[in-house]
file input-v8.cif (mmCIF, C-alpha atoms)
data_upload
#
loop_
_atom_site.label_atom_id
_atom_site.label_comp_id
_atom_site.auth_asym_id
_atom_site.auth_seq_id
_atom_site.Cartn_x
_atom_site.Cartn_y
_atom_site.Cartn_z
CA MET A 1 -20.72 13.21 5.72
CA ARG A 2 -18.33 13.92 2.85
CA THR A 3 -18.64 12.61 -0.69
CA ILE A 4 -15.31 12.36 -2.51
CA VAL A 5 -14.76 11.07 -6.04
CA HIS A 6 -11.36 10.05 -7.36
CA MET A 7 -11.07 10.06 -11.17
CA ASP A 8 -8.12 8.57 -13.02
CA LEU A 9 -7.54 8.47 -16.78
CA ASP A 10 -6.75 4.84 -17.61
CA ALA A 11 -3.25 4.16 -18.97
CA PHE A 12 -3.27 7.83 -19.92
CA PHE A 13 -0.11 8.01 -22.02
CA VAL A 14 -1.03 4.85 -23.89
CA SER A 15 -4.61 6.04 -24.43
CA VAL A 16 -3.41 9.35 -25.89
CA SER A 17 -0.99 7.52 -28.17
CA ARG A 18 -3.81 5.28 -29.36
CA LEU A 19 -5.92 8.32 -30.22
CA GLU A 20 -3.07 9.58 -32.39
CA HIS A 21 -2.18 6.12 -33.77
CA PRO A 22 -5.19 3.73 -33.92
CA ARG A 23 -2.91 0.86 -35.01
CA LEU A 24 -1.83 0.63 -31.34
CA VAL A 25 -5.33 -0.30 -30.14
CA GLY A 26 -5.43 -3.80 -28.64
CA LYS A 27 -1.63 -4.20 -28.87
CA PRO A 28 0.87 -4.37 -26.01
CA VAL A 29 2.31 -0.84 -25.88
CA ILE A 30 5.21 0.57 -23.91
CA ILE A 31 5.82 4.31 -23.57
CA GLY A 32 9.42 5.23 -22.83
CA GLY A 33 12.96 5.36 -24.09
CA THR A 34 13.70 3.63 -27.35
CA SER A 35 17.16 2.43 -26.32
CA ASP A 36 17.88 -0.51 -24.03
CA ARG A 37 19.19 1.94 -21.40
CA GLY A 38 15.83 3.72 -21.18
CA VAL A 39 13.04 3.06 -18.70
CA VAL A 40 9.32 2.37 -19.02
CA SER A 41 7.23 5.48 -18.33
CA ALA A 42 3.86 3.77 -18.93
CA CYS A 43 2.45 0.66 -20.53
CA SER A 44 -0.86 -0.75 -21.71
CA TYR A 45 -2.84 -3.37 -19.82
CA GLU A 46 -1.86 -5.85 -22.53
CA ALA A 47 1.81 -5.27 -21.69
CA ARG A 48 1.15 -5.40 -17.95
CA ALA A 49 -0.18 -8.93 -18.41
CA PHE A 50 3.41 -9.94 -19.23
CA GLY A 51 4.77 -8.36 -16.04
CA VAL A 52 5.82 -5.03 -17.52
CA HIS A 53 5.44 -2.00 -15.24
CA SER A 54 6.53 1.63 -15.04
CA ALA A 55 10.15 2.46 -14.09
CA MET A 56 11.24 -0.96 -15.40
CA PRO A 57 14.33 -0.98 -17.67
CA ILE A 58 13.31 -1.12 -21.33
CA LYS A 59 15.74 -4.00 -21.85
CA LEU A 60 13.86 -6.14 -19.31
CA ALA A 61 10.47 -5.05 -20.68
CA ARG A 62 11.51 -6.20 -24.17
CA ARG A 63 12.50 -9.57 -22.76
CA LEU A 64 9.19 -10.01 -20.91
CA CYS A 65 7.07 -8.83 -23.83
CA PRO A 66 8.97 -9.27 -27.14
CA ASP A 67 5.95 -8.24 -29.24
CA ALA A 68 5.43 -4.94 -27.44
CA LEU A 69 5.35 -1.77 -29.54
CA ILE A 70 7.66 0.79 -27.96
CA VAL A 71 6.58 4.40 -28.45
CA ARG A 72 8.53 7.48 -27.47
CA GLY A 73 6.45 9.78 -25.26
CA ASP A 74 4.95 13.04 -26.51
CA TYR A 75 4.44 15.21 -23.46
CA GLU A 76 3.02 18.09 -25.46
CA ARG A 77 0.05 15.90 -26.44
CA TYR A 78 -0.33 14.54 -22.91
CA ALA A 79 -0.43 18.09 -21.52
CA HIS A 80 -3.02 19.09 -24.13
CA TYR A 81 -5.43 16.26 -23.32
CA SER A 82 -4.88 16.75 -19.60
CA ASP A 83 -5.85 20.40 -19.99
CA VAL A 84 -8.99 19.43 -21.92
CA VAL A 85 -10.14 17.04 -19.18
CA THR A 86 -9.23 19.54 -16.46
CA GLU A 87 -11.35 22.19 -18.16
CA MET A 88 -14.32 19.83 -18.42
CA ILE A 89 -14.09 18.95 -14.72
CA GLY A 90 -13.65 22.62 -13.78
CA GLU A 91 -16.82 23.55 -15.65
CA ASN A 92 -18.88 20.98 -13.77
CA VAL A 93 -17.37 20.61 -10.28
CA PRO A 94 -17.47 23.30 -7.57
CA LEU A 95 -14.34 21.99 -5.79
CA TYR A 96 -11.69 19.73 -7.28
CA GLU A 97 -8.00 18.92 -6.90
CA LYS A 98 -5.68 17.95 -9.73
CA SER A 99 -3.20 15.63 -8.04
CA SER A 100 -1.29 14.74 -11.21
CA ILE A 101 -1.52 15.04 -14.97
CA ASP A 102 -4.16 12.29 -15.09
CA GLU A 103 -5.71 12.16 -11.59
CA PHE A 104 -8.40 14.28 -9.94
CA TYR A 105 -10.23 14.43 -6.62
CA LEU A 106 -13.77 15.88 -6.68
CA ASP A 107 -15.57 17.05 -3.54
CA LEU A 108 -19.29 16.55 -4.12
CA THR A 109 -20.29 16.99 -0.47
CA GLY A 110 -23.82 18.36 -0.16
CA MET A 111 -24.76 17.75 -3.79
CA ASP A 112 -26.92 14.73 -2.89
CA ARG A 113 -29.68 17.09 -1.79
CA PHE A 114 -30.14 18.03 -5.45
CA PHE A 115 -29.30 14.79 -7.26
CA GLY A 116 -27.45 11.54 -6.66
CA CYS A 117 -23.68 12.04 -6.58
CA TYR A 118 -22.96 8.60 -8.00
CA GLN A 119 -25.24 9.18 -10.97
CA TRP A 120 -23.78 12.64 -11.47
CA ALA A 121 -20.21 11.25 -11.46
CA THR A 122 -21.30 8.53 -13.88
CA GLU A 123 -22.64 11.11 -16.32
CA LEU A 124 -19.46 13.21 -16.04
CA ARG A 125 -17.32 10.15 -16.71
CA GLN A 126 -19.38 9.28 -19.78
CA LYS A 127 -19.13 12.87 -21.02
CA ILE A 128 -15.34 12.92 -20.70
CA THR A 129 -14.99 9.65 -22.61
CA LYS A 130 -17.42 10.73 -25.31
CA GLU A 131 -15.81 14.12 -25.93
CA THR A 132 -12.14 13.13 -25.62
CA GLY A 133 -12.11 9.45 -26.57
CA LEU A 134 -10.13 8.70 -23.39
CA PRO A 135 -11.19 5.94 -20.96
CA ILE A 136 -11.51 7.10 -17.35
CA SER A 137 -12.38 5.32 -14.11
CA PHE A 138 -13.66 6.60 -10.78
CA GLY A 139 -14.26 5.57 -7.19
CA LEU A 140 -16.70 7.25 -4.80
CA SER A 141 -16.57 7.15 -1.00
CA LEU A 142 -16.35 9.43 2.04
CA ASN A 143 -12.60 10.17 1.70
CA LYS A 144 -9.67 10.40 -0.69
CA THR A 145 -7.88 7.19 0.32
CA VAL A 146 -10.85 4.85 -0.06
CA SER A 147 -11.94 6.54 -3.29
CA LYS A 148 -8.49 6.12 -4.83
CA VAL A 149 -8.35 2.44 -3.87
CA ALA A 150 -11.87 2.00 -5.29
CA THR A 151 -10.77 3.57 -8.58
CA ASN A 152 -7.86 1.15 -8.86
CA GLU A 153 -10.22 -1.76 -8.21
CA ALA A 154 -12.65 -0.46 -10.86
CA LYS A 155 -10.03 -0.20 -13.61
CA PRO A 156 -9.91 -0.43 -16.50
CA ASN A 157 -12.67 1.92 -17.63
CA GLY A 158 -14.97 1.24 -14.68
CA GLN A 159 -16.52 2.81 -11.60
CA LEU A 160 -17.18 1.76 -8.02
CA LYS A 161 -19.10 3.21 -5.07
CA ILE A 162 -18.16 2.35 -1.48
CA ASP A 163 -21.17 2.96 0.77
CA PHE A 164 -20.74 4.84 4.03
CA GLY A 165 -19.83 2.45 6.86
CA THR A 166 -18.43 -0.28 4.60
CA GLU A 167 -14.93 1.16 4.14
CA LYS A 168 -13.12 -1.30 6.43
CA HIS A 169 -14.99 -4.25 4.94
CA PHE A 170 -14.07 -3.13 1.42
CA LEU A 171 -10.36 -2.70 2.24
CA ALA A 172 -9.90 -5.78 4.43
CA PRO A 173 -9.31 -8.51 1.77
CA LEU A 174 -6.99 -6.38 -0.38
CA THR A 175 -3.22 -6.77 -0.29
CA VAL A 176 -1.43 -4.04 1.66
CA ASP A 177 0.29 -2.65 -1.44
CA LYS A 178 -3.15 -1.46 -2.61
CA ILE A 179 -3.02 1.28 0.03
CA PRO A 180 -1.66 4.60 -1.27
CA MET A 181 1.77 5.39 0.27
CA VAL A 182 2.81 1.71 0.47
CA GLY A 183 5.81 1.42 -1.83
CA GLU A 184 7.91 -1.61 -2.64
CA LYS A 185 10.19 -1.30 0.42
CA THR A 186 7.30 -0.85 2.86
CA PHE A 187 5.45 -3.72 1.21
CA GLN A 188 8.43 -6.05 1.61
CA LEU A 189 8.91 -4.95 5.23
CA LEU A 190 5.28 -5.68 6.01
CA ARG A 191 5.52 -9.03 4.21
CA SER A 192 8.52 -9.94 6.38
CA MET A 193 6.29 -9.24 9.41
CA GLY A 194 3.67 -11.62 8.06
CA VAL A 195 1.37 -8.81 6.98
CA ARG A 196 -0.09 -9.43 3.54
CA GLU A 197 -3.71 -8.31 3.67
CA VAL A 198 -5.14 -5.01 4.87
CA ARG A 199 -7.29 -6.77 7.47
CA THR A 200 -4.11 -7.70 9.33
CA LEU A 201 -3.07 -4.04 9.45
CA GLN A 202 -6.53 -3.12 10.69
CA GLU A 203 -6.12 -5.45 13.67
CA MET A 204 -2.55 -4.42 14.59
CA PRO A 205 -1.92 -1.96 17.45
CA PRO A 206 -1.15 1.41 15.86
CA ARG A 207 1.76 1.98 18.27
CA LEU A 208 3.44 -1.17 16.96
CA LEU A 209 3.33 0.20 13.44
CA GLU A 210 4.65 3.50 14.75
CA ARG A 211 7.67 1.75 16.27
CA VAL A 212 8.40 0.02 12.98
CA LEU A 213 7.60 2.80 10.49
CA GLY A 214 7.75 5.98 12.57
CA GLU A 215 5.00 8.57 12.08
CA ASN A 216 4.07 6.89 8.80
CA GLY A 217 2.98 3.86 10.81
CA ILE A 218 0.06 5.78 12.36
CA THR A 219 -0.92 7.20 8.97
CA LEU A 220 -0.80 3.72 7.44
CA TRP A 221 -2.99 2.28 10.21
CA LYS A 222 -5.57 5.03 9.65
CA LYS A 223 -5.63 4.48 5.91
CA ALA A 224 -5.99 0.71 6.40
CA ASN A 225 -9.03 1.44 8.57
CA GLY A 226 -10.53 3.79 6.00
CA ILE A 227 -9.76 6.93 8.02
CA ASP A 228 -8.61 9.95 6.02
CA ASN A 229 -9.67 13.51 6.82
CA SER A 230 -7.38 15.21 4.31
CA PRO A 231 -9.24 17.88 2.35
CA VAL A 232 -9.59 18.24 -1.39
CA GLU A 233 -7.19 21.08 -2.16
CA PRO A 234 -8.63 23.65 -4.61
CA TYR A 235 -6.82 23.43 -7.92
CA SER A 236 -4.80 26.38 -9.20
CA GLU A 237 -2.25 26.06 -11.99
CA ARG A 238 1.14 27.36 -10.99
CA LYS A 239 2.68 28.90 -14.07
CA SER A 240 6.33 29.28 -13.07
CA ILE A 241 8.96 29.05 -10.35
CA SER A 242 11.98 31.31 -10.18
CA THR A 243 14.90 32.58 -8.13
CA GLU A 244 17.35 35.43 -8.48
CA GLU A 245 20.16 37.07 -6.55
CA THR A 246 21.42 40.64 -6.42
CA PHE A 247 25.06 40.98 -5.37
CA ASP A 248 26.22 43.52 -2.79
CA GLN A 249 29.23 44.04 -5.01
CA ASP A 250 29.07 43.69 -8.80
CA THR A 251 31.16 40.87 -10.21
CA ILE A 252 32.81 39.73 -13.40
CA ASP A 253 33.79 36.31 -12.04
CA VAL A 254 32.38 33.97 -14.70
CA ARG A 255 33.13 30.80 -12.79
CA PHE A 256 31.27 32.11 -9.76
CA LEU A 257 28.28 33.16 -11.87
CA GLU A 258 28.08 29.78 -13.60
CA ALA A 259 28.40 27.94 -10.27
CA LEU A 260 25.60 30.06 -8.81
CA LEU A 261 23.44 29.32 -11.86
CA VAL A 262 24.07 25.58 -11.46
CA GLY A 263 23.02 25.75 -7.81
CA MET A 264 19.87 27.67 -8.73
CA ALA A 265 18.94 25.12 -11.38
CA GLU A 266 19.48 22.23 -8.97
CA ARG A 267 17.26 23.77 -6.28
CA LEU A 268 14.48 24.68 -8.70
CA ALA A 269 14.59 21.24 -10.34
CA PHE A 270 14.32 19.60 -6.92
CA GLN A 271 11.33 21.85 -6.20
CA LEU A 272 9.72 20.72 -9.45
CA ARG A 273 10.13 17.07 -8.57
CA ASN A 274 8.89 17.64 -5.03
CA GLU A 275 5.72 19.18 -6.43
CA ASN A 276 5.37 16.62 -9.24
CA LYS A 277 5.87 19.29 -11.87
CA LEU A 278 7.66 19.46 -15.21
CA THR A 279 8.81 22.56 -17.08
CA ALA A 280 8.99 23.30 -20.79
CA CYS A 281 10.66 26.72 -20.74
CA VAL A 282 13.93 27.98 -19.21
CA THR A 283 14.65 31.71 -18.81
CA VAL A 284 17.90 33.31 -17.65
CA LYS A 285 18.04 36.93 -16.49
CA VAL A 286 21.16 39.10 -16.21
CA ARG A 287 21.32 42.68 -14.90
CA TYR A 288 24.54 44.60 -15.39
CA SER A 289 26.13 47.29 -13.22
CA ASN A 290 24.57 50.00 -15.40
CA PHE A 291 21.12 48.46 -14.62
CA ASP A 292 20.59 47.23 -18.17
CA THR A 293 18.59 44.02 -17.82
CA HIS A 294 18.51 41.25 -20.43
CA THR A 295 16.62 37.96 -20.51
CA MET A 296 16.71 35.01 -22.86
CA GLN A 297 14.57 31.89 -22.90
CA CYS A 298 14.24 28.62 -24.77
CA ARG A 299 11.54 25.97 -25.06
CA ILE A 300 12.51 22.39 -24.21
CA PRO A 301 10.75 19.02 -23.97
CA TYR A 302 8.98 18.75 -20.60
CA THR A 303 11.46 17.76 -17.90
CA SER A 304 12.44 18.07 -14.25
CA SER A 305 15.96 16.67 -14.68
CA ASP A 306 18.89 18.63 -13.28
CA HIS A 307 21.31 17.78 -16.05
CA THR A 308 18.95 18.92 -18.80
CA LEU A 309 17.96 22.16 -17.08
CA ILE A 310 21.52 23.04 -16.05
CA ALA A 311 22.75 22.58 -19.61
CA ARG A 312 20.05 24.87 -21.01
CA ALA A 313 20.62 27.52 -18.33
CA LYS A 314 24.36 27.60 -19.02
CA GLU A 315 23.77 27.85 -22.77
CA LEU A 316 21.47 30.84 -22.29
CA PHE A 317 23.88 32.53 -19.90
CA ALA A 318 26.74 32.12 -22.38
CA LYS A 319 24.66 33.90 -25.04
CA LEU A 320 23.57 36.68 -22.67
CA TYR A 321 26.79 37.46 -20.85
CA ASN A 322 28.75 40.53 -21.94
CA ARG A 323 32.27 40.06 -20.64
CA ARG A 324 33.00 43.80 -20.64
CA LEU A 325 30.40 44.60 -17.97
CA LEU A 326 30.11 43.81 -14.29
CA VAL A 327 27.06 41.77 -13.30
CA ARG A 328 24.71 43.06 -10.60
CA LEU A 329 22.01 40.36 -10.65
CA ILE A 330 21.43 36.89 -12.07
CA GLY A 331 18.14 34.99 -12.14
CA LEU A 332 16.59 31.76 -13.40
CA ARG A 333 12.95 30.87 -14.12
CA PHE A 334 11.23 27.65 -15.15
CA SER A 335 7.80 28.18 -16.71
CA HIS A 336 5.04 26.42 -18.69
CA LEU A 337 4.65 24.02 -15.78
CA VAL A 338 2.47 20.93 -15.88
CA GLY A 339 1.84 18.12 -13.43
CA GLY A 340 3.83 14.95 -13.93
CA ALA A 341 6.16 12.59 -12.10
CA GLN A 342 9.90 12.69 -12.61
CA GLN A 343 10.29 9.48 -14.56
CA ILE A 344 7.78 10.63 -17.18
CA ASP A 345 10.32 12.77 -18.99
CA LEU A 346 13.32 10.49 -18.71
CA PHE A 347 12.61 8.71 -21.98
CA GLU A 348 16.25 8.22 -22.85
CA ASP A 349 17.77 8.18 -19.36
CA SER A 350 19.06 4.98 -17.88
CA GLU A 351 17.65 3.18 -14.88
CA GLU A 352 20.80 4.22 -13.02
CA MET A 353 20.05 7.89 -13.70
CA VAL A 354 16.48 7.53 -12.39
CA ARG A 355 17.72 5.85 -9.22
CA LEU A 356 20.40 8.51 -8.78
CA TYR A 357 17.81 11.30 -8.84
CA GLN A 358 15.58 9.42 -6.43
CA ALA A 359 18.48 8.88 -4.01
CA MET A 360 19.58 12.52 -4.24
CA ASP A 361 16.05 13.75 -3.60
CA ARG A 362 15.67 11.50 -0.54
CA MET A 363 18.85 13.03 0.89
CA ARG A 364 17.60 16.55 0.20
CA ARG A 365 14.24 15.92 1.82
CA ARG A 366 15.95 14.57 4.92
CA PHE A 367 18.88 16.95 5.28
CA GLY A 368 17.88 20.03 3.28
CA ASP A 369 17.91 21.04 -0.38
CA SER A 370 21.61 22.00 -0.26
CA SER A 371 22.79 18.73 1.27
CA VAL A 372 23.57 17.20 -2.13
CA GLN A 373 25.16 19.37 -4.81
CA ARG A 374 27.09 19.01 -8.00
CA ALA A 375 30.77 19.86 -7.74
CA ALA A 376 30.19 22.74 -10.19
CA GLY A 377 27.86 24.41 -7.70
CA GLN A 378 29.94 23.90 -4.57
CA GLY A 379 31.87 26.68 -2.90
CA VAL A 380 29.37 29.37 -3.90
CA GLU A 381 28.45 30.17 -0.30
CA ARG A 382 32.12 30.50 0.63
CA ARG A 383 32.64 32.80 -2.34
CA ARG A 384 29.63 34.94 -1.44
CA PHE A 385 30.72 35.45 2.20
CA ASN A 386 34.11 36.58 3.42
CA PRO A 387 34.61 35.28 7.00
CA PHE A 388 37.36 37.81 7.65
CA ASN A 389 35.30 40.98 7.28
CA GLY A 390 31.75 39.64 7.54
CA GLN A 391 30.76 41.22 4.22
CA ARG A 392 29.46 39.66 1.07
CA LEU A 393 31.80 39.86 -1.85
#

call {"tool": "encode", "arguments": {"input": "input-v8.cif", "output": "structure tokens"}}
result
Amino acid sequence: MRTIVHMDLDAFFVSVSRLEHPRLVGKPVIIGGTSDRGVVSACSYEARAFGVHSAMPIKLARRLCPDALIVRGDYERYAHYSDVVTEMIGENVPLYEKSSIDEFYLDLTGMDRFFGCYQWATELRQKITKETGLPISFGLSLNKTVSKVATNEAKPNGQLKIDFGTEKHFLAPLTVDKIPMVGEKTFQLLRSMGVREVRTLQEMPPRLLERVLGENGITLWKKANGIDNSPVEPYSERKSISTEETFDQDTIDVRFLEALLVGMAERLAFQLRNENKLTACVTVKVRYSNFDTHTMQCRIPYTSSDHTLIARAKELFAKLYNRRLLVRLIGLRFSHLVGGAQQIDLFEDSEEMVRLYQAMDRMRRRFGDSSVQRAAGQGVERRRFNPFNGQRL
């Protein structure tokens, strides 16, 4: 029998801001863009009581909670405190997974023969809070799904153990949106079917859910019944992602090189968002026909946004490029990666921009990462391949 703990730092961004600025303690706090066109990245429990939630337009959040203190995010500090907690968990846990900047899964299977897992997790939670000042909650059960739901029920700053064999009973009275993977659209669809509580999902034929939701229907039915065999994936910090291309024939076509760079940035940014990563460093590499190789990099606020990364890549290329020499290779690397969802870094982007990225990424996941491209990056494949002689140009 497995023993899985899910740990989640409560209102992480807000908690870090309160460590830096004690005046925010006990006040409704919103982390996000400071203009009305921005979106909410996170908010305190005091603000949530007024109906404020993440990804909500700042303009609406102000209207719901006029007394809220709006604070611009500081991802450098978030990354620092996340690293501190990660290090503490790594020193104490034989197997753990870091699923985001503020969430962790711990596999304590087999540790009960030495000491109680629940008591051990309690002591670790207390240690983290004492040494960092950050509140953290956890849930303990036999799998990741039930433990995550238990954590959410234990918040804020609490803990909850779900005994083996009681998973279905624990989940049954909860609303279906408490199950991980149930987003707003799925929740509304289930509501239209008369499904509000998890117990109703538990009693439904799984094939019916499959007809309505596809393969996700079976997964949802299993989660509703407390069934989840997914393993805790060992954590390893990926430091960078990169891509480069060597041309069969050296080129001096600036427009082609810039278009290729745009396409590279788009694909890498999509990869970041797919893996819930953000980057803080952009590096461009250029190798000339004489094999001289030059690189240039710049540090940026943590982001996974195409438009920000493309702009930085083009700026670096403009500084690197020597117009008198043919180019043999061009490359792009994003480094200093940390875990974090896309909307975290969009402090000044509009709600429309967030929705645009989400729509573009859905298209790419369904039809391939090249299915949606900026006009500046189109035509590169046609330029790289001559259909008349079958050779790359």

call {"tool": "residues_around", "arguments": {"input": "input-v8.cif", "residues": "Arg199 in chain A", "least_positions_apart": "4", "cutoff": "7 Å", "atoms": "only C-alpha atoms", "output": "PyMOL selection string"}}
result
chain A and resi 172-173+203

call {"tool": "residues_around", "arguments": {"input": "input-v8.cif", "residues": "Asp83 in chain A", "least_positions_apart": "2", "cutoff": "12 Å", "atoms": "all atoms listed in the file", "output": "number ranges by chain"}}
result
A: 76-81, 85-90, 98, 100-103, 132, 237, 337-339

call {"tool": "residues_near_point", "arguments": {"input": "input-v8.cif", "point": "(-11.8, -4.1, 1.6)", "cutoff": "10 Å", "atoms": "only C-alpha atoms", "output": "number ranges by chain"}}
result
A: 146, 149-150, 162, 166-175, 178, 197-199, 224-226

call {"tool": "residues_around", "arguments": {"input": "input-v8.cif", "residues": "range 60-68 of chain A", "least_positions_apart": "4", "cutoff": "7 Å", "atoms": "only C-alpha atoms", "output": "number ranges by chain"}}
result
A: 28-30, 47, 50-52, 56

call {"tool": "resolve_selection", "arguments": {"input": "input-v8.cif", "expression": "the PyMOL selection byres ((chain A and resi 54) around 9)", "output": "MDAnalysis selection string"}}
result
chainID A and resid 31 39:43 52:53 55:57 343

call {"tool": "atom_distance", "arguments": {"input": "input-v8.cif", "atom1": "CA of Thr186 in chain A", "atom2": "CA of Arg267 in chain A"}}
result
28.1 Å

call {"tool": "closest_residue", "arguments": {"input": "input-v8.cif", "among": "A:Arg287, A:Lys222, A:His336, A:Arg273", "to": "Tyr302 in chain A", "atoms": "all atoms listed in the file"}}
result
A:His336

call {"tool": "closest_residue", "arguments": {"input": "input-v8.cif", "among": "A:Pro135, A:Gly32, A:Pro156, A:Gly110", "to": "Arg2 in chain A", "atoms": "all atoms listed in the file"}}
result
A:Gly110

call {"tool": "closest_residue", "arguments": {"input": "input-v8.cif", "among": "A:Leu325, A:Ala280, A:Ile227, A:Ala318", "to": "Ile252 in chain A", "atoms": "all atoms listed in the file"}}
result
A:Leu325

call {"tool": "closest_residue", "arguments": {"input": "input-v8.cif", "among": "A:Glu244, A:Lys144, A:Lys223, A:Phe164", "to": "Asp177 in chain A", "atoms": "all atoms listed in the file"}}
result
A:Lys223

call {"tool": "closest_residue", "arguments": {"input": "input-v8.cif", "among": "A:Ala269, A:Ala121, A:Met204, A:Cys298", "to": "Tyr105 in chain A", "atoms": "all atoms listed in the file"}}
result
A:Ala121

call {"tool": "atom_distance", "arguments": {"input": "input-v8.cif", "atom1": "CA of Gln119 in chain A", "atom2": "CA of Ile179 in chain A"}}
result
26.0 Å
